[in-house]
$ cat start_20.pdb   # PDB, C-alpha atoms
ATOM      1  CA  MET R 198     -50.196 -41.608  50.432
ATOM      2  CA  ARG R 199     -48.770 -38.131  51.000
ATOM      3  CA  ARG R 200     -45.957 -39.612  53.099
ATOM      4  CA  ILE R 201     -45.131 -42.089  50.343
ATOM      5  CA  GLY R 202     -45.060 -39.237  47.838
ATOM      6  CA  ARG R 203     -42.654 -37.236  50.013
ATOM      7  CA  VAL R 204     -40.399 -40.280  50.420
ATOM      8  CA  MET R 205     -40.351 -40.833  46.650
ATOM      9  CA  ILE R 206     -39.426 -37.198  46.013
ATOM     10  CA  ALA R 207     -36.712 -37.289  48.662
ATOM     11  CA  ALA R 208     -35.276 -40.466  47.148
ATOM     12  CA  ALA R 209     -35.239 -38.887  43.684
ATOM     13  CA  LEU R 210     -33.712 -35.575  44.794
ATOM     14  CA  PRO R 211     -30.071 -36.620  44.172
ATOM     15  CA  LEU R 212     -30.925 -37.639  40.605
ATOM     16  CA  VAL R 213     -32.862 -34.426  39.908
ATOM     17  CA  ALA R 214     -30.095 -32.323  41.457
ATOM     18  CA  GLY R 215     -27.528 -34.146  39.334
ATOM     19  CA  ALA R 216     -29.581 -33.563  36.195
ATOM     20  CA  THR R 217     -29.848 -29.888  37.108
ATOM     21  CA  ALA R 218     -26.089 -29.654  37.503
ATOM     22  CA  ALA R 219     -25.664 -31.038  33.993
ATOM     23  CA  GLN R 220     -27.900 -28.367  32.521
ATOM     24  CA  ALA R 221     -27.287 -24.868  31.284
ATOM     25  CA  GLN R 222     -26.494 -21.911  33.494
ATOM     26  CA  LEU R 223     -30.177 -20.894  33.660
ATOM     27  CA  ALA R 224     -31.734 -24.220  34.685
ATOM     28  CA  GLY R 225     -34.199 -25.594  32.156
ATOM     29  CA  ILE R 226     -33.249 -23.123  29.385
ATOM     30  CA  PRO R 227     -30.513 -23.573  26.735
ATOM     31  CA  VAL R 228     -27.337 -21.498  26.852
ATOM     32  CA  TYR R 229     -27.839 -18.928  24.103
ATOM     33  CA  PHE R 230     -24.999 -17.438  22.063
ATOM     34  CA  ASN R 231     -24.972 -14.364  19.826
ATOM     35  CA  PRO R 232     -21.500 -14.484  18.224
ATOM     36  CA  ARG R 233     -22.205 -11.399  16.088
ATOM     37  CA  GLY R 234     -22.639  -9.149  19.112
ATOM     38  CA  GLY R 235     -23.687  -5.542  18.521
ATOM     39  CA  THR R 236     -23.886  -2.251  20.366
ATOM     40  CA  GLY R 237     -26.888  -1.183  22.418
ATOM     41  CA  ILE R 238     -29.496  -2.965  24.501
ATOM     42  CA  GLY R 239     -31.415  -6.201  23.990
ATOM     43  CA  VAL R 240     -34.210  -7.939  25.889
ATOM     44  CA  ALA R 241     -35.514 -11.489  25.511
ATOM     45  CA  ALA R 242     -38.158 -13.824  26.933
ATOM     46  CA  ASN R 243     -37.498 -17.577  26.871
ATOM     47  CA  ALA R 244     -39.227 -20.867  27.588
ATOM     48  CA  GLY R 245     -37.475 -24.215  27.982
ATOM     49  CA  PHE R 246     -38.663 -27.825  27.960
ATOM     50  CA  SER R 247     -36.451 -30.536  29.485
ATOM     51  CA  ASN R 248     -36.417 -34.298  28.996
ATOM     52  CA  SER R 249     -36.544 -36.632  31.997
ATOM     53  CA  ASP R 250     -32.740 -36.845  32.238
ATOM     54  CA  ALA R 251     -32.691 -33.055  32.630
ATOM     55  CA  GLY R 252     -35.303 -33.174  35.411
ATOM     56  CA  GLY R 253     -38.335 -32.684  33.172
ATOM     57  CA  GLY R 254     -40.719 -29.813  33.550
ATOM     58  CA  THR R 255     -40.869 -26.346  32.039
ATOM     59  CA  ALA R 256     -38.776 -23.233  32.612
ATOM     60  CA  TYR R 257     -39.385 -19.563  31.868
ATOM     61  CA  GLY R 258     -36.880 -16.741  31.924
ATOM     62  CA  VAL R 259     -36.107 -13.185  30.887
ATOM     63  CA  ALA R 260     -32.752 -11.727  29.884
ATOM     64  CA  GLY R 261     -31.297  -8.303  29.273
ATOM     65  CA  SER R 262     -28.062  -7.534  27.430
ATOM     66  CA  PHE R 263     -25.803  -4.564  26.820
ATOM     67  CA  GLY R 264     -23.253  -4.466  24.037
ATOM     68  CA  ALA R 265     -20.316  -2.074  23.684
ATOM     69  CA  GLY R 266     -17.684  -2.722  21.042
ATOM     70  CA  PRO R 267     -16.845  -6.432  20.851
ATOM     71  CA  ILE R 268     -18.115  -7.111  24.403
ATOM     72  CA  THR R 269     -21.691  -8.086  25.342
ATOM     73  CA  LEU R 270     -22.894  -8.429  28.953
ATOM     74  CA  THR R 271     -26.075 -10.378  29.722
ATOM     75  CA  GLY R 272     -28.052 -10.924  32.922
ATOM     76  CA  MET R 273     -30.952 -13.357  33.293
ATOM     77  CA  VAL R 274     -33.458 -14.659  35.811
ATOM     78  CA  GLY R 275     -36.055 -17.389  35.557
ATOM     79  CA  THR R 276     -38.063 -20.107  37.209
ATOM     80  CA  TRP R 277     -37.875 -23.849  36.566
ATOM     81  CA  LYS R 278     -40.505 -26.339  37.707
ATOM     82  CA  PRO R 279     -39.032 -29.870  37.607
ATOM     83  CA  SER R 280     -41.398 -32.789  37.206
ATOM     84  CA  LEU R 281     -41.023 -33.860  40.850
ATOM     85  CA  PHE R 282     -41.677 -30.428  42.378
ATOM     86  CA  GLY R 283     -45.006 -28.714  42.872
ATOM     87  CA  SER R 284     -43.605 -25.201  42.603
ATOM     88  CA  GLY R 285     -41.094 -23.357  40.478
ATOM     89  CA  GLN R 286     -37.486 -22.964  41.621
ATOM     90  CA  THR R 287     -35.793 -19.593  41.035
ATOM     91  CA  THR R 288     -32.664 -19.625  38.892
ATOM     92  CA  PHE R 289     -30.447 -16.787  37.751
ATOM     93  CA  GLY R 290     -27.280 -16.201  35.780
ATOM     94  CA  ALA R 291     -25.058 -13.832  33.826
ATOM     95  CA  ASP R 292     -22.462 -14.041  31.092
ATOM     96  CA  VAL R 293     -19.938 -12.013  29.149
ATOM     97  CA  ALA R 294     -19.156 -12.582  25.457
ATOM     98  CA  TYR R 295     -16.257 -11.288  23.397
ATOM     99  CA  LYS R 296     -16.467 -11.248  19.615
ATOM    100  CA  VAL R 297     -13.200 -12.492  18.167
ATOM    101  CA  PHE R 298     -13.999 -12.292  14.488
ATOM    102  CA  GLY R 299     -16.749 -11.326  12.057
ATOM    103  CA  GLY R 300     -19.897  -9.265  12.203
ATOM    104  CA  GLY R 301     -20.936  -6.376  10.026
ATOM    105  CA  LEU R 302     -20.851  -7.408   6.356
ATOM    106  CA  LEU R 303     -19.004 -10.658   7.062
ATOM    107  CA  PRO R 304     -21.340 -13.697   6.987
ATOM    108  CA  ILE R 305     -19.428 -15.586   9.725
ATOM    109  CA  ALA R 306     -18.745 -14.519  13.307
ATOM    110  CA  VAL R 307     -16.879 -16.191  16.176
ATOM    111  CA  ALA R 308     -17.126 -15.294  19.862
ATOM    112  CA  VAL R 309     -15.996 -16.692  23.206
ATOM    113  CA  GLN R 310     -18.339 -16.630  26.175
ATOM    114  CA  ALA R 311     -18.173 -17.354  29.913
ATOM    115  CA  GLY R 312     -20.961 -17.164  32.454
ATOM    116  CA  TYR R 313     -22.328 -18.092  35.832
ATOM    117  CA  GLY R 314     -25.628 -19.670  36.907
ATOM    118  CA  SER R 315     -27.140 -20.747  40.199
ATOM    119  CA  ILE R 316     -30.179 -22.604  41.505
ATOM    120  CA  LYS R 317     -31.177 -24.007  44.900
ATOM    121  CA  LEU R 318     -33.038 -27.289  44.649
ATOM    122  CA  GLY R 319     -34.117 -29.415  47.607
ATOM    123  CA  GLY R 320     -31.874 -27.411  49.926
ATOM    124  CA  VAL R 321     -28.820 -27.969  47.696
ATOM    125  CA  SER R 322     -27.300 -24.955  45.914
ATOM    126  CA  THR R 323     -25.710 -25.669  42.541
ATOM    127  CA  SER R 324     -23.483 -23.250  40.624
ATOM    128  CA  THR R 325     -22.511 -23.619  36.980
ATOM    129  CA  ILE R 326     -19.752 -21.812  35.067
ATOM    130  CA  PRO R 327     -20.117 -22.396  31.306
ATOM    131  CA  ILE R 328     -17.128 -21.554  29.086
ATOM    132  CA  GLY R 329     -17.434 -21.946  25.333
ATOM    133  CA  VAL R 330     -17.007 -20.657  21.817
ATOM    134  CA  GLY R 331     -19.809 -19.824  19.386
ATOM    135  CA  LEU R 332     -19.951 -19.724  15.596
ATOM    136  CA  SER R 333     -22.772 -18.009  13.684
ATOM    137  CA  PHE R 334     -23.604 -17.876  10.008
ATOM    138  CA  ASP R 335     -25.392 -14.790   8.695
ATOM    139  CA  PRO R 336     -26.188 -15.183   5.004
ATOM    140  CA  PRO R 337     -26.978 -11.823   3.356
ATOM    141  CA  LEU R 338     -30.665 -11.045   2.812
ATOM    142  CA  PHE R 339     -31.686 -14.246   4.613
ATOM    143  CA  PRO R 340     -33.667 -13.810   7.859
ATOM    144  CA  LEU R 341     -32.622 -17.104   9.491
ATOM    145  CA  LYS R 342     -29.360 -16.814  11.443
ATOM    146  CA  PRO R 343     -28.065 -20.228  12.649
ATOM    147  CA  TRP R 344     -25.379 -20.687  15.299
ATOM    148  CA  ILE R 345     -23.640 -23.485  17.203
ATOM    149  CA  ALA R 346     -21.641 -23.320  20.429
ATOM    150  CA  PRO R 347     -19.715 -26.157  22.147
ATOM    151  CA  ARG R 348     -18.739 -25.486  25.750
ATOM    152  CA  VAL R 349     -17.463 -26.886  29.040
ATOM    153  CA  ASP R 350     -19.622 -26.559  32.175
ATOM    154  CA  LEU R 351     -17.806 -26.374  35.520
ATOM    155  CA  VAL R 352     -20.374 -27.455  38.111
ATOM    156  CA  SER R 353     -20.184 -27.160  41.901
ATOM    157  CA  GLY R 354     -22.868 -28.302  44.314
ATOM    158  CA  GLY R 355     -23.651 -30.740  47.084
ATOM    159  CA  GLY R 356     -19.997 -30.990  48.082
ATOM    160  CA  SER R 357     -18.789 -32.156  44.661
ATOM    161  CA  ASN R 358     -17.303 -30.638  41.527
ATOM    162  CA  THR R 359     -17.833 -31.975  38.014
ATOM    163  CA  THR R 360     -16.950 -30.975  34.467
ATOM    164  CA  ASN R 361     -19.409 -31.604  31.626
ATOM    165  CA  PHE R 362     -19.110 -31.084  27.883
ATOM    166  CA  ARG R 363     -22.250 -29.721  26.223
ATOM    167  CA  ILE R 364     -23.346 -28.245  22.907
ATOM    168  CA  SER R 365     -26.045 -25.690  22.244
ATOM    169  CA  ALA R 366     -27.261 -24.733  18.790
ATOM    170  CA  GLY R 367     -30.050 -22.565  17.522
ATOM    171  CA  VAL R 368     -31.449 -20.189  14.979
ATOM    172  CA  ASN R 369     -32.604 -16.578  15.153
ATOM    173  CA  PHE R 370     -35.377 -15.287  12.911
ATOM    174  CA  ASN R 371     -35.077 -11.522  12.822
ATOM    175  CA  LEU R 372     -38.048  -9.460  11.700
ATOM    176  CA  LEU R 373     -38.367  -5.716  11.204
ATOM    177  CA  LEU R 374     -37.619  -2.974  13.728
ATOM    178  CA  GLY R 375     -35.441  -5.111  15.994
ATOM    179  CA  PHE R 376     -38.037  -7.770  16.847
ATOM    180  CA  GLY R 377     -37.415 -11.454  16.295
ATOM    181  CA  VAL R 378     -37.979 -14.997  17.530
ATOM    182  CA  HIS R 379     -35.477 -17.737  18.265
ATOM    183  CA  ALA R 380     -35.145 -21.424  19.102
ATOM    184  CA  ALA R 381     -32.322 -23.579  20.456
ATOM    185  CA  VAL R 382     -31.403 -27.030  21.755
ATOM    186  CA  ASP R 383     -28.904 -27.905  24.495
ATOM    187  CA  TRP R 384     -27.436 -31.403  24.805
ATOM    188  CA  GLY R 385     -24.666 -33.316  26.572
ATOM    189  CA  GLN R 386     -23.933 -36.321  28.750
ATOM    190  CA  THR R 387     -22.953 -36.675  32.382
ATOM    191  CA  LYS R 388     -22.674 -39.349  35.064
ATOM    192  CA  VAL R 389     -24.642 -39.208  38.318
ATOM    193  CA  GLY R 390     -23.431 -42.014  40.531
ATOM    194  CA  GLY R 391     -23.195 -44.971  38.183
ATOM    195  CA  THR R 392     -25.874 -43.674  35.823
ATOM    196  CA  THR R 393     -25.123 -41.940  32.525
ATOM    197  CA  LEU R 394     -27.623 -39.180  31.795
ATOM    198  CA  SER R 395     -28.262 -37.309  28.547
ATOM    199  CA  PRO R 396     -29.953 -34.055  29.588
ATOM    200  CA  PHE R 397     -31.646 -32.449  26.585
ATOM    201  CA  ILE R 398     -33.403 -29.074  26.536
ATOM    202  CA  VAL R 399     -35.460 -27.390  23.821
ATOM    203  CA  GLY R 400     -35.931 -23.636  24.057
ATOM    204  CA  VAL R 401     -38.033 -21.052  22.226
ATOM    205  CA  GLY R 402     -38.412 -17.335  22.749
ATOM    206  CA  ALA R 403     -38.680 -13.810  21.405
ATOM    207  CA  HIS R 404     -36.251 -10.904  21.477
ATOM    208  CA  PHE R 405     -36.151  -7.184  20.825
ATOM    209  CA  ASN R 406     -32.868  -5.448  20.086
ATOM    210  CA  PHE R 407     -32.091  -1.768  20.327
ATOM    211  CA  HIS R 408     -28.774  -2.628  18.668
ATOM    212  CA  VAL R 409     -26.711  -0.687  16.191
ATOM    213  CA  PRO R 410     -25.060  -3.220  13.850
ATOM    214  CA  MET R 411     -21.280  -3.236  14.146
ATOM    215  CA  MET R 412     -19.434  -2.577  10.891
TER     216      MET R 412
END
$ encode --input "start_20.pdb" --output "structure tokens"
Amino acid sequence: MRRIGRVMIAAALPLVAGATAAQAQLAGIPVYFNPRGGTGIGVAANAGFSNSDAGGGTAYGVAGSFGAGPITLTGMVGTWKPSLFGSGQTTFGADVAYKVFGGGLLPIAVAVQAGYGSIKLGGVSTSTIPIGVGLSFDPPLFPLKPWIAPRVDLVSGGGSNTTNFRISAGVNFNLLLGFGVHAAVDWGQTKVGGTTLSPFIVGVGAHFNFHVPMM
């Protein structure tokens, strides 16, 4: 029975690896955007839940950011346990965002963002470079801050290169003293062999910002 289980996992590895390549830069967790930016330091803890086309399973990650002027740098590390694996797989990434417009007293902000993510799954290393633009809406005196961010993922792994279009969207709920919670979804389509997959990820988390709002 154990041998049959190993054979089944080995046979499914290409599909799981392909689903991973179609995901966000931190496998199993949505790509988060903060178009408003800000100066200072931020930390966040995230959890992600993938559908079967995204490899299934649960992911956990932490992120730290530093903002200076219109630029925000973020680094992240996490672990993702796909449905077909008995242990978590380490994944890490980083990104840089540049606020183009908005922030301060303006209710709308636009930013561009590019990043890098990597994971090694079943002996195959996959790298993802997401490039996108984010739009946030910050209504005055309203604690919910929604955002949406279409992007292109440039994926390299297993001797092949692919390009996928994906969209992430979410909402931040900011409380007092810099603490808040957030949620997001990440969706897109890709082809693995002759199969069209629709990897979908739901993410939730909490954040704490030592940020000074930019005026």
$ resolve_selection --input "start_20.pdb" --expression "the PyMOL selection byres ((chain R and resi 384) around 8)" --output "PyMOL selection string"
chain R and resi 363-365+382-383+385-386+395-398
$ residues_around --input "start_20.pdb" --residues "R:Phe376" --least-positions-apart "4" --cutoff "9 Å" --atoms "all atoms listed in the file" --output "PyMOL selection string"
chain R and resi 370-372+403-406
$ residues_near_point --input "start_20.pdb" --point "(-15.7, -33.7, 36.4)" --cutoff "12 Å" --atoms "all atoms listed in the file" --output "short mmCIF file (atom, residue, chain, number, x, y, z; two decimals) with C-alpha atoms, in the frame of the given file"
data_model
loop_
_atom_site.label_atom_id
_atom_site.label_comp_id
_atom_site.auth_asym_id
_atom_site.auth_seq_id
_atom_site.Cartn_x
_atom_site.Cartn_y
_atom_site.Cartn_z
CA ALA R 218 -26.09 -29.65 37.50
CA ALA R 219 -25.66 -31.04 33.99
CA VAL R 349 -17.46 -26.89 29.04
CA ASP R 350 -19.62 -26.56 32.17
CA LEU R 351 -17.81 -26.37 35.52
CA VAL R 352 -20.37 -27.46 38.11
CA SER R 353 -20.18 -27.16 41.90
CA GLY R 354 -22.87 -28.30 44.31
CA SER R 357 -18.79 -32.16 44.66
CA ASN R 358 -17.30 -30.64 41.53
CA THR R 359 -17.83 -31.98 38.01
CA THR R 360 -16.95 -30.98 34.47
CA ASN R 361 -19.41 -31.60 31.63
CA PHE R 362 -19.11 -31.08 27.88
CA GLN R 386 -23.93 -36.32 28.75
CA THR R 387 -22.95 -36.67 32.38
CA LYS R 388 -22.67 -39.35 35.06
CA VAL R 389 -24.64 -39.21 38.32
#
$ closest_residue --input "start_20.pdb" --among "R:Val293, R:Val321, R:Ala224, R:Val307" --to "R:Val274" --atoms "only C-alpha atoms"
R:Ala224
$ resolve_selection --input "start_20.pdb" --expression "the PyMOL selection byres ((chain R and resi 276) around 10)" --output "PyMOL selection string"
chain R and resi 223-226+244+255-259+274-275+277-279+284-289+316
$ residues_around --input "start_20.pdb" --residues "R:Ser333" --least-positions-apart "5" --cutoff "10 Å" --atoms "all atoms listed in the file" --output "NGL selection string"
:R and (230-233 or 299-300 or 304-308 or 342-346 or 366-368)
$ resolve_selection --input "start_20.pdb" --expression "the PyMOL selection byres ((chain R and resi 238) around 12)" --output "PyMOL selection string"
chain R and resi 234-237+239-241+260-265+269-272+375+404-410
$ atom_distance --input "start_20.pdb" --atom1 "atom CA of R:Val330" --atom2 "atom CA of R:Val309"
4.3 Å
$ closest_residue --input "start_20.pdb" --among "R:Gly312, R:Gly320, R:Asn248, R:Ala291" --to "R:Arg348" --atoms "all atoms listed in the file"
R:Gly312
$ closest_residue --input "start_20.pdb" --among "R:Ala381, R:Leu302, R:Ala311, R:Leu394" --to "R:Pro327" --atoms "only C-alpha atoms"
R:Ala311
$ axis_aligned_box --input "start_20.pdb" --around "stretch 278-297 of chain R" --padding-each-side "3 Å" --output "lines of an AutoDock Vina configuration file"
center_x = -29.1
center_y = -22.6
center_z = 30.5
size_x = 37.8
size_y = 28.6
size_z = 30.7
$ closest_residue --input "start_20.pdb" --among "R:Pro227, R:Phe246, R:Val297, R:Val401" --to "R:Asn369" --atoms "all atoms listed in the file"
R:Val401
$ residues_near_point --input "start_20.pdb" --point "(-36.4, -21.1, 23.0)" --cutoff "7 Å" --atoms "only C-alpha atoms" --output "PyMOL selection string"
chain R and resi 243-245+379-381+399-402
$ write_last_selection --input "start_20.pdb" --atoms "C-alpha atoms" --output "PDB file, in the coordinates of the input"
ATOM      1  CA  ASN R 243     -37.498 -17.577  26.871  1.00  0.00           C
ATOM      2  CA  ALA R 244     -39.227 -20.867  27.588  1.00  0.00           C
ATOM      3  CA  GLY R 245     -37.475 -24.215  27.982  1.00  0.00           C
ATOM      4  CA  HIS R 379     -35.477 -17.737  18.265  1.00  0.00           C
ATOM      5  CA  ALA R 380     -35.145 -21.424  19.102  1.00  0.00           C
ATOM      6  CA  ALA R 381     -32.322 -23.579  20.456  1.00  0.00           C
ATOM      7  CA  VAL R 399     -35.460 -27.390  23.821  1.00  0.00           C
ATOM      8  CA  GLY R 400     -35.931 -23.636  24.057  1.00  0.00           C
ATOM      9  CA  VAL R 401     -38.033 -21.052  22.226  1.00  0.00           C
ATOM     10  CA  GLY R 402     -38.412 -17.335  22.749  1.00  0.00           C
TER      11      GLY R 402
END
$ atom_distance --input "start_20.pdb" --atom1 "atom CA of R:Gly301" --atom2 "atom CA of R:Ile326"
29.4 Å
$ residues_around --input "start_20.pdb" --residues "R:Leu303" --least-positions-apart "6" --cutoff "10 Å" --atoms "only C-alpha atoms" --output "mmCIF file with C-alpha atoms, in the coordinates of the input"
data_model
loop_
_atom_site.group_PDB
_atom_site.id
_atom_site.type_symbol
_atom_site.label_atom_id
_atom_site.label_comp_id
_atom_site.auth_asym_id
_atom_site.auth_seq_id
_atom_site.Cartn_x
_atom_site.Cartn_y
_atom_site.Cartn_z
ATOM 1 C CA ARG R 233 -22.205 -11.399 16.088
ATOM 2 C CA PHE R 334 -23.604 -17.876 10.008
ATOM 3 C CA ASP R 335 -25.392 -14.790 8.695
ATOM 4 C CA PRO R 336 -26.188 -15.183 5.004
ATOM 5 C CA PRO R 337 -26.978 -11.823 3.356
ATOM 6 C CA MET R 412 -19.434 -2.577 10.891
#
$ atom_distance --input "start_20.pdb" --atom1 "atom CA of R:Gly377" --atom2 "atom CA of R:Tyr313"
25.6 Å
